[in-house]
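**Student:** Okay, handing you the structure first.
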Amino acid sequence: MLNRFRNSFLKVVFFIAFFTFLAPVCSVQAQETKPATWIWYPGDFEIWLSNKMQVRRTEREAVFPPLWQYYSPYALVTFQTEVDIPKPDEVKIFSEGPFQLLLDGVQIYGQPKSITVPAGKHKISFKVYNQEVLPAIYIEGKYVKSDASWKVTNEDKLWIDETGKAQQSGTPWVPVGSWNFDSPKRKPSEFKLTTKPMSAKKTEKIGAGQLIDFGKETFGYIKIHGLKGKGKLALYYGESREEALDSAKCETLDHLSFDGKQSETYTHDGSKAFRYVQVQADAGVKYDSISMLYEYLPLDYRGAFKSSDKQLNQIWDVSAYTMHLTSREFFIDGIKRDRWVWSGDAYQSYLMNYYLFFDSPSVERTLLALRGKDPVTAHVNIIMDYSLYWFVGVYDYYLHTGDTKFIKTFYPRMKSLMDFCLERRNKNGFLEPLEGDWVFIDWADGLPKTGEVSFEQMLLARSLEAMAVSAEIAGEKDDQKQYQKLGADLKTKLFDVFWDKKENVMKHQRIDGVIQNIVTRYANMFGIFFNYFNEEQKQSVKNKVLLNKDVLQITTPYMRFYELEALCAMGEQNYVLKEMKDYWGGMLNEGATSFWEEYRPNKKGTEHLTMYGRPYGKSLCHAWGASPIYLLGKYYLGVKPTAPGYAEYEIKPNLGGLEWMEGKVPTPKGEVDLYVSKSEIKVKSAEGEGKLIIESKSKPKTNSGTITELAKNKYQLIVKPNVEYKITYKAI
């Protein structure tokens, strides 16, 4: 894998060098046509926005902030650019915060709303202060515009000498951060999600009040129409009917007071998750009806799936809706609880996103919000495994998008977090929880988490591989060699200590140098799709662990994600299809309109709503419940990148017992469009070079390209961009 990434990296370097050579010729034209955008210190907008979002969680009107450290944007930053313009340019200035402006090292006094930049070469600097939100600027001229080419620093690298000239010192600057704030009126500090009106599906009388049903799980603001009178009105929210009706124990509620002077149309300013809302009002308060403003992040559904199995189609649809509900300012865990950015949950959301939205900015925002800033004083989310998922998330982001800028910009933060993780190894070179470390792995009764746990060491090995790739991209050759060696040594040690050569499985835990006679699914299933096992080891793990009902069962969609992925990687799509239908179909049979944080088929009725010792503690819309999106895209449609940014990719469809299936898998520049039945495959792709792998009883026929034989009953067709291929074959 490292060699493949290294070769792809060399290709990227060639194209960068080529276009760098052309850049001087194109620079004036590019400056004229490229739009201006708001810019800030990279990562600061994401940190500021995540702080603002994550304190919105409430439980019965009590604020419930996150458990981990908060970081802050830099209050004072300096932006800088160098331009060479053919004509004088009238440049408008917009700023979030007061600024100091220097043109060619000379201070321009006051807070001008515009300046004229003469023709020729110039250096422009803005030092901006903002303690309340984050310092940001928007600069708009014909040639001089704020964009991704600007640099920024948080240190005092510019200072004015006795002659009034600016002097510069210190280390190199970093590229600015930006998103899609492409209008001076659209300030970063005023970012809000999109809303649209939605009506209730059903209203029924409940005692002196009403129960409003919006038909499915949703998120947004309650809107009251025809509001008159003076007094109090209570809103009791519920993901279930039972929760909304239980005013004493529902997780979220609002008590509103009106003085009689309010508008007849009132929109409550606190967004909530719910399907049902119980409304109870004083006799002096009257209203006509209740609706809502649905709040969401506008995203295109670029991925698609449909098949001969109607229930499976419904599972995909509900998974997609669940994923969209939890794709907000960031990828969050659940929309009722916790409404926080958890690294383990987010990592799965990244993977599902690549098969549904392929929205790169959401991945970047979430990675940056989770990482925070230096110094590192605790694991991400205070969870050991969640720090490690963060590295693997960066690795997968590069693989799917081919984006090197993110890694180059934030490599120092990657390195400092890895330094923190490595410093917490014990004398054996393994991670073992120290004071303040939370080893999560999964919600599972009786799961041991003390001592040296094989699952954590496997995640660390994968993280070191991610760091080796990232160090190469960042141009840090010494770091690359170090991480390669650390990763290889750890993998060797992992198998020396935890692999049981007699039983041919990975043991779970070692305490005080003694291996415990415990086998769990976690390290064993990750070892399959990390490709750490040879074929014999994979078969043994599949039969002795994954298909063994006596090994501790997984009850959360969180780890079902990985369990079923491991089985799909072993070609067990027929088995996994049944499991998906039983597990996610079981939630649908219980009335789910989005997928849950946990599902245990043996529970009955309101038992499904309980968690954490609370009658309605379970989240009924949880991101990790949407994993069929990923499984169906990667292992049934069979599409996955094999080189960064889908420059090369594989299509290996597997019907898994279906009569037919069709769908789309998004890529950076388009989609892979696929139809598969037991006798025909149709495929068209927008970019890259794909390898369609076909298992057939005889050599397939194609309308375009050449079919080559790889092995008995196994064939390959090279898929070129924008060509419609039609292949006939005989399914095995």
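A note on labels: chains of the structure tokens are A, B, ... as shown, every chain counts residues from 1, and ligands are counted from 1 in their shown order.
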Could you pull out all residues of range 344-474 of chain A with a DSSP call of strand (DSSP E or B) and give them as a list of chain:residue names?
**Tutor:**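 The residues of range 344-474 of chain A classed as strand (DSSP E or B) are A:Ile383, A:Arg425, A:Leu431, A:Trp438, A:Glu452, A:Val453.
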**Student:** Contacts of range 44-59 of chain A at 8 Å or less, counting only C-alpha atoms, minus same-chain residues fewer than 2 places along, as a PyMOL selection string?
**Tutor:** chain A and resi 40-42+61-66+70-74+133-134+177+188+251-253+329-330+336-341+365-366+368-369+372
**Student:** Keeping only C-alpha atoms, write the selected residues as a short mmCIF file (atom, residue, chain, number, x, y, z; two decimals), in the first residue's frame.
**Tutor:**
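The result, written out as part_3.cif:
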```cif
data_model
loop_
_atom_site.label_atom_id
_atom_site.label_comp_id
_atom_site.auth_asym_id
_atom_site.auth_seq_id
_atom_site.Cartn_x
_atom_site.Cartn_y
_atom_site.Cartn_z
CA TRP A 40 -8.82 32.89 8.36
CA TYR A 41 -6.14 30.99 10.24
CA PRO A 42 -6.46 27.33 9.13
CA GLU A 61 -33.13 22.48 29.93
CA ALA A 62 -29.76 21.92 31.63
CA VAL A 63 -26.68 22.63 29.52
CA PHE A 64 -24.56 19.50 28.99
CA PRO A 65 -21.17 20.51 27.53
CA PRO A 66 -18.59 18.03 26.16
CA TYR A 70 -11.94 23.28 24.43
CA TYR A 71 -9.53 25.20 22.20
CA SER A 72 -9.89 28.78 21.00
CA PRO A 73 -9.17 30.57 17.72
CA TYR A 74 -6.11 32.81 17.70
CA VAL A 133 -15.33 35.15 17.14
CA LEU A 134 -12.33 34.68 14.85
CA GLY A 177 -8.19 28.52 5.76
CA PRO A 188 -17.98 33.23 8.74
CA GLU A 251 -34.83 14.02 27.58
CA THR A 252 -35.52 17.44 26.05
CA LEU A 253 -38.17 20.07 26.70
CA GLU A 329 -21.86 21.64 10.86
CA PHE A 330 -19.76 18.53 11.51
CA LYS A 336 -30.80 14.16 20.24
CA ARG A 337 -27.81 12.91 22.22
CA ASP A 338 -24.95 13.77 22.24
CA ARG A 339 -24.85 16.28 19.39
CA TRP A 340 -21.08 16.19 19.83
CA VAL A 341 -18.17 15.42 17.51
CA ARG A 365 -14.09 20.46 9.19
CA THR A 366 -14.64 17.45 11.40
CA LEU A 368 -9.92 19.89 12.37
CA ALA A 369 -12.55 20.29 15.08
CA GLY A 372 -7.81 21.16 18.14
#
```
**Student:** Could you state the separation of CA of Thr195 in chain A and CA of Tyr397 in chain A in Å, given to one decimal place?
**Tutor:**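 For CA of Thr195 in chain A relative to CA of Tyr397 in chain A, the distance reads 28.9 Å.
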**Student:** Find the residues near range 532-542 of chain A: any atom within 8 Å, counting only C-alpha atoms, skip ones fewer than 3 places away on the same chain, and give them as a list in words.
**Tutor:**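 My reading of the contact set: Asn504, Val505, Asn524, Met525, Gly527, Ile528, Phe529, Val545, Leu546, Leu547, Leu567 and Met570 of chain A.
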**Student:** Determine the nearest neighbour of Thr642 in chain A from the options A:Gly656, A:Gly110, A:Gly605, A:Gly690, counting only C-alpha atoms.
**Tutor:**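 Between A:Gly656, A:Gly110, A:Gly605, A:Gly690, the residue approaching Thr642 in chain A most closely is A:Gly690.
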**Student:** Write out as a VMD selection string the residues lying within 6 Å of range 451-464 of chain A, counting only C-alpha atoms and excluding same-chain residues fewer than 4 positions away.
**Tutor:** chain A and resid 388 391 to 392 432 483 487 508 to 511 523
**Student:** Out of A:Cys568, A:Lys228, A:Gln210, A:Leu299, which residue has the shortest atom-to-atom distance to Gly284 in chain A when counting only C-alpha atoms?
**Tutor:**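 Between A:Cys568, A:Lys228, A:Gln210, A:Leu299, the residue approaching Gly284 in chain A most closely is A:Lys228.
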**Student:** Work out how far CA of Ile332 in chain A is from CA of Tyr236 in chain A, in Å to one decimal.
**Tutor:**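 So the answer is 23.0 Å.
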**Student:** My list of candidates is A:Val174, A:Leu312, A:Leu674, A:Leu710. Which is closest to Met580 in chain A when distances are computed with only C-alpha atoms?
**Tutor:**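 So, comparing all the options, the nearest one is A:Leu312.
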**Student:** Measure the distance from CA of Asn543 in chain A to CA of Gly657 in chain A in Å and round it to one decimal.
**Tutor:** 20.6 Å
**Student:** I'd like the contact shell of range 403-408 of chain A - 8 Å cut-off, only C-alpha atoms, skipping same-chain residues fewer than 2 positions apart - returned as a PyMOL selection string.
**Tutor:** chain A and resi 364+394+397-398+401+410-411+470+473-474+645
**Student:** Which of range 352-592 of chain A counts as alpha helix (DSSP H) under DSSP, as number ranges by chain please?
**Tutor:** A: 352-354, 360-371, 384-401, 405-423, 454-473, 477-498, 522-529, 535-541, 557-569, 573-589
**Student:** Kindly export the residues of the current selection with C-alpha atoms, as a CSV table (one decimal), in the first residue's frame.
**Tutor:**
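Once written, again_15.csv looks like this:
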```csv
chain,number,residue,atom,x,y,z
A,352,MET,CA,-20.2,6.5,4.6
A,353,ASN,CA,-19.9,10.1,3.3
A,354,TYR,CA,-17.6,8.8,0.5
A,360,SER,CA,-14.8,16.8,1.3
A,361,PRO,CA,-15.3,20.0,3.3
A,362,SER,CA,-17.4,18.2,5.9
A,363,VAL,CA,-14.6,15.7,6.5
A,364,GLU,CA,-12.0,18.4,6.8
A,365,ARG,CA,-14.1,20.5,9.2
A,366,THR,CA,-14.6,17.4,11.4
A,367,LEU,CA,-11.0,16.4,11.4
A,368,LEU,CA,-9.9,19.9,12.4
A,369,ALA,CA,-12.5,20.3,15.1
A,370,LEU,CA,-11.5,17.0,16.6
A,371,ARG,CA,-7.7,17.7,16.5
A,384,MET,CA,-7.3,6.3,23.3
A,385,ASP,CA,-8.8,4.5,20.3
A,386,TYR,CA,-10.4,7.8,19.2
A,387,SER,CA,-6.9,9.5,18.8
A,388,LEU,CA,-5.9,6.6,16.6
A,389,TYR,CA,-9.1,6.7,14.5
A,390,TRP,CA,-8.2,10.3,13.8
A,391,PHE,CA,-4.9,9.3,12.0
A,392,VAL,CA,-6.7,6.6,10.0
A,393,GLY,CA,-9.3,9.2,9.0
A,394,VAL,CA,-6.6,11.4,7.5
A,395,TYR,CA,-5.2,8.4,5.7
A,396,ASP,CA,-8.5,7.5,4.2
A,397,TYR,CA,-9.3,11.1,3.3
A,398,TYR,CA,-6.1,11.2,1.2
A,399,LEU,CA,-6.9,7.9,-0.5
A,400,HIS,CA,-10.4,8.9,-1.5
A,401,THR,CA,-9.8,12.5,-2.4
A,405,LYS,CA,-2.9,20.2,0.8
A,406,PHE,CA,-4.7,19.1,4.0
A,407,ILE,CA,-1.8,16.9,5.0
A,408,LYS,CA,0.9,19.5,4.1
A,409,THR,CA,-0.9,22.2,6.1
A,410,PHE,CA,-1.7,20.2,9.2
A,411,TYR,CA,1.2,17.7,9.3
A,412,PRO,CA,2.6,19.5,12.4
A,413,ARG,CA,-0.6,18.8,14.3
A,414,MET,CA,-0.5,15.2,13.1
A,415,LYS,CA,3.0,14.8,14.4
A,416,SER,CA,2.4,16.4,17.8
A,417,LEU,CA,-0.6,14.2,18.4
A,418,MET,CA,1.4,11.1,17.4
A,419,ASP,CA,4.2,12.2,19.7
A,420,PHE,CA,1.7,12.3,22.5
A,421,CYS,CA,0.4,8.8,21.7
A,422,LEU,CA,4.0,7.4,21.4
A,423,GLU,CA,5.0,8.9,24.8
A,454,SER,CA,-4.5,-6.1,21.0
A,455,PHE,CA,-7.2,-3.9,19.4
A,456,GLU,CA,-5.4,-0.7,20.5
A,457,GLN,CA,-2.0,-1.9,19.3
A,458,MET,CA,-3.5,-2.8,15.9
A,459,LEU,CA,-5.0,0.7,15.5
A,460,LEU,CA,-1.7,2.2,16.5
A,461,ALA,CA,0.1,0.2,13.8
A,462,ARG,CA,-2.4,1.5,11.2
A,463,SER,CA,-1.9,5.0,12.5
A,464,LEU,CA,1.8,4.8,12.1
A,465,GLU,CA,1.4,3.6,8.5
A,466,ALA,CA,-0.9,6.7,8.0
A,467,MET,CA,1.8,8.9,9.5
A,468,ALA,CA,4.5,7.4,7.2
A,469,VAL,CA,2.4,8.3,4.1
A,470,SER,CA,1.6,11.7,5.5
A,471,ALA,CA,5.3,12.4,6.3
A,472,GLU,CA,6.2,11.6,2.7
A,473,ILE,CA,3.6,14.0,1.4
A,477,LYS,CA,11.8,12.0,4.9
A,478,ASP,CA,13.3,11.3,8.3
A,479,ASP,CA,9.9,11.1,9.9
A,480,GLN,CA,8.7,8.8,7.1
A,481,LYS,CA,11.5,6.3,7.8
A,482,GLN,CA,10.9,6.5,11.6
A,483,TYR,CA,7.1,5.9,11.2
A,484,GLN,CA,7.7,3.1,8.8
A,485,LYS,CA,10.1,1.3,11.2
A,486,LEU,CA,7.8,1.9,14.2
A,487,GLY,CA,4.8,0.6,12.4
A,488,ALA,CA,6.6,-2.5,11.1
A,489,ASP,CA,8.2,-3.2,14.5
A,490,LEU,CA,4.8,-2.9,16.2
A,491,LYS,CA,3.1,-5.2,13.8
A,492,THR,CA,5.8,-7.8,14.4
A,493,LYS,CA,5.4,-7.4,18.2
A,494,LEU,CA,1.6,-7.5,17.9
A,495,PHE,CA,1.7,-11.0,16.3
A,496,ASP,CA,4.5,-12.2,18.5
A,497,VAL,CA,2.5,-11.4,21.7
A,498,PHE,CA,-1.2,-11.7,20.7
A,522,TYR,CA,-12.4,-6.5,17.6
A,523,ALA,CA,-8.7,-7.0,16.7
A,524,ASN,CA,-9.6,-10.1,14.7
A,525,MET,CA,-12.1,-8.4,12.4
A,526,PHE,CA,-9.9,-5.3,11.9
A,527,GLY,CA,-6.9,-7.5,11.0
A,528,ILE,CA,-9.0,-8.8,8.0
A,529,PHE,CA,-9.8,-5.5,6.3
A,535,GLU,CA,-5.2,-16.1,3.8
A,536,GLU,CA,-4.9,-19.0,6.2
A,537,GLN,CA,-5.2,-16.6,9.2
A,538,LYS,CA,-8.2,-14.9,7.7
A,539,GLN,CA,-10.1,-18.2,7.2
A,540,SER,CA,-9.4,-19.2,10.7
A,541,VAL,CA,-10.6,-15.9,12.1
A,557,PRO,CA,-24.4,-0.8,14.9
A,558,TYR,CA,-21.0,0.9,15.7
A,559,MET,CA,-19.0,-2.4,15.7
A,560,ARG,CA,-21.5,-4.3,13.4
A,561,PHE,CA,-20.1,-1.9,10.8
A,562,TYR,CA,-16.6,-3.5,11.1
A,563,GLU,CA,-17.8,-7.0,11.7
A,564,LEU,CA,-19.8,-7.1,8.5
A,565,GLU,CA,-17.1,-5.3,6.6
A,566,ALA,CA,-14.6,-8.0,7.6
A,567,LEU,CA,-17.1,-10.7,6.4
A,568,CYS,CA,-17.6,-8.8,3.2
A,569,ALA,CA,-13.9,-8.6,2.7
A,573,GLN,CA,-21.9,-11.1,1.0
A,574,ASN,CA,-24.7,-13.7,1.1
A,575,TYR,CA,-24.4,-14.1,4.8
A,576,VAL,CA,-24.0,-10.3,5.4
A,577,LEU,CA,-27.1,-9.6,3.3
A,578,LYS,CA,-29.1,-11.8,5.7
A,579,GLU,CA,-27.5,-10.1,8.7
A,580,MET,CA,-28.3,-6.6,7.4
A,581,LYS,CA,-31.9,-7.6,6.7
A,582,ASP,CA,-32.3,-9.2,10.2
A,583,TYR,CA,-30.5,-6.4,12.1
A,584,TRP,CA,-31.5,-3.2,10.3
A,585,GLY,CA,-34.7,-4.7,9.1
A,586,GLY,CA,-35.4,-5.5,12.7
A,587,MET,CA,-35.3,-1.8,13.6
A,588,LEU,CA,-37.6,-1.0,10.6
A,589,ASN,CA,-40.0,-3.6,12.0
```
**Student:** Quick one: residues within 9 Å of Ala36 in chain A, only C-alpha atoms, excluding same-chain residues fewer than 6 positions away - as a short mmCIF file (atom, residue, chain, number, x, y, z; two decimals) with all heavy atoms, in the first residue's frame?
**Tutor:**
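After the write, part28.cif holds the following:
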```
data_model
loop_
_atom_site.label_atom_id
_atom_site.label_comp_id
_atom_site.auth_asym_id
_atom_site.auth_seq_id
_atom_site.Cartn_x
_atom_site.Cartn_y
_atom_site.Cartn_z
N TYR A 138 -12.00 39.68 4.04
CA TYR A 138 -12.49 39.48 2.67
C TYR A 138 -11.99 40.68 1.87
O TYR A 138 -12.36 41.83 2.14
CB TYR A 138 -14.01 39.42 2.67
CG TYR A 138 -14.64 39.16 1.31
CD1 TYR A 138 -15.09 37.88 0.98
CD2 TYR A 138 -14.82 40.19 0.39
CE1 TYR A 138 -15.69 37.64 -0.25
CE2 TYR A 138 -15.41 39.95 -0.84
CZ TYR A 138 -15.84 38.67 -1.16
OH TYR A 138 -16.44 38.43 -2.38
N ILE A 139 -11.12 40.45 0.91
CA ILE A 139 -10.49 41.50 0.12
C ILE A 139 -10.92 41.32 -1.33
O ILE A 139 -10.73 40.26 -1.92
CB ILE A 139 -8.95 41.44 0.22
CG1 ILE A 139 -8.51 41.40 1.68
CG2 ILE A 139 -8.32 42.59 -0.53
CD1 ILE A 139 -8.97 42.59 2.51
N GLU A 140 -11.49 42.40 -1.93
CA GLU A 140 -12.07 42.25 -3.25
C GLU A 140 -11.67 43.40 -4.17
O GLU A 140 -12.05 44.55 -3.96
CB GLU A 140 -13.60 42.19 -3.15
CG GLU A 140 -14.29 41.92 -4.48
CD GLU A 140 -15.80 41.79 -4.33
OE1 GLU A 140 -16.37 42.51 -3.49
OE2 GLU A 140 -16.38 40.97 -5.05
N GLY A 141 -10.85 43.08 -5.16
CA GLY A 141 -10.52 44.01 -6.22
C GLY A 141 -10.59 43.27 -7.54
O GLY A 141 -11.02 42.11 -7.60
N VAL A 144 -6.52 42.03 -6.94
CA VAL A 144 -6.16 41.69 -5.56
C VAL A 144 -7.39 41.14 -4.85
O VAL A 144 -8.36 41.87 -4.63
CB VAL A 144 -5.60 42.92 -4.81
CG1 VAL A 144 -5.20 42.53 -3.39
CG2 VAL A 144 -4.43 43.52 -5.56
N LYS A 145 -7.34 39.86 -4.52
CA LYS A 145 -8.49 39.20 -3.89
C LYS A 145 -8.01 38.24 -2.82
O LYS A 145 -6.98 37.58 -2.99
CB LYS A 145 -9.31 38.43 -4.94
CG LYS A 145 -9.84 39.28 -6.07
CD LYS A 145 -10.58 38.45 -7.10
CE LYS A 145 -11.06 39.32 -8.25
NZ LYS A 145 -11.81 38.53 -9.26
N SER A 146 -8.74 38.16 -1.74
CA SER A 146 -8.42 37.15 -0.71
C SER A 146 -8.86 35.79 -1.22
O SER A 146 -10.00 35.58 -1.59
CB SER A 146 -9.13 37.49 0.60
OG SER A 146 -10.51 37.70 0.40
N ASP A 147 -7.91 34.85 -1.23
CA ASP A 147 -8.20 33.49 -1.68
C ASP A 147 -7.19 32.54 -1.04
O ASP A 147 -6.43 32.92 -0.14
CB ASP A 147 -8.18 33.39 -3.20
CG ASP A 147 -6.84 33.82 -3.81
OD1 ASP A 147 -5.80 33.68 -3.14
OD2 ASP A 147 -6.83 34.30 -4.96
N PHE A 181 -17.48 30.94 1.83
CA PHE A 181 -18.01 32.26 2.18
C PHE A 181 -17.54 33.25 1.11
O PHE A 181 -16.58 34.00 1.30
CB PHE A 181 -17.54 32.66 3.57
CG PHE A 181 -18.01 31.73 4.65
CD1 PHE A 181 -17.18 30.72 5.12
CD2 PHE A 181 -19.28 31.84 5.18
CE1 PHE A 181 -17.61 29.86 6.11
CE2 PHE A 181 -19.72 30.97 6.17
CZ PHE A 181 -18.89 29.98 6.63
N ASP A 182 -18.22 33.27 -0.03
CA ASP A 182 -17.75 33.97 -1.22
C ASP A 182 -18.43 35.31 -1.45
O ASP A 182 -18.42 35.84 -2.56
CB ASP A 182 -17.91 33.08 -2.45
CG ASP A 182 -17.11 31.79 -2.33
OD1 ASP A 182 -16.09 31.79 -1.64
OD2 ASP A 182 -17.52 30.78 -2.94
N SER A 183 -19.04 35.85 -0.40
CA SER A 183 -19.67 37.17 -0.48
C SER A 183 -19.27 37.96 0.75
O SER A 183 -19.20 37.40 1.86
CB SER A 183 -21.19 37.03 -0.55
OG SER A 183 -21.82 38.27 -0.24
N PRO A 184 -19.02 39.27 0.62
CA PRO A 184 -18.66 40.06 1.81
C PRO A 184 -19.75 40.08 2.86
O PRO A 184 -19.47 40.25 4.05
CB PRO A 184 -18.41 41.45 1.24
CG PRO A 184 -19.09 41.49 -0.09
CD PRO A 184 -19.03 40.10 -0.61
#
```
**Student:** Select, from A:Phe214, A:Trp660, A:Tyr237, A:Phe331, the residue with the minimum atom-to-atom distance to Tyr675 in chain A, counting only C-alpha atoms.
**Tutor:**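 Counting only C-alpha atoms, the residue closest to Tyr675 in chain A is A:Trp660.
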**Student:** For each of A:Leu356, A:Val106, A:Ala626, A:Leu431, take the minimum atom-to-atom distance to Ser319 in chain A, counting only C-alpha atoms, then give the residue where this is smallest.
**Tutor:**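 Checking each of A:Leu356, A:Val106, A:Ala626, A:Leu431 against Ser319 in chain A, counting only C-alpha atoms, the winner is A:Ala626.
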**Student:** Counting only C-alpha atoms, figure out which residue out of A:Asp300, A:Glu435, A:Glu96, A:Glu243 gets nearest to Lys187 in chain A.
**Tutor:**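 Checking each of A:Asp300, A:Glu435, A:Glu96, A:Glu243 against Lys187 in chain A, counting only C-alpha atoms, the winner is A:Glu96.
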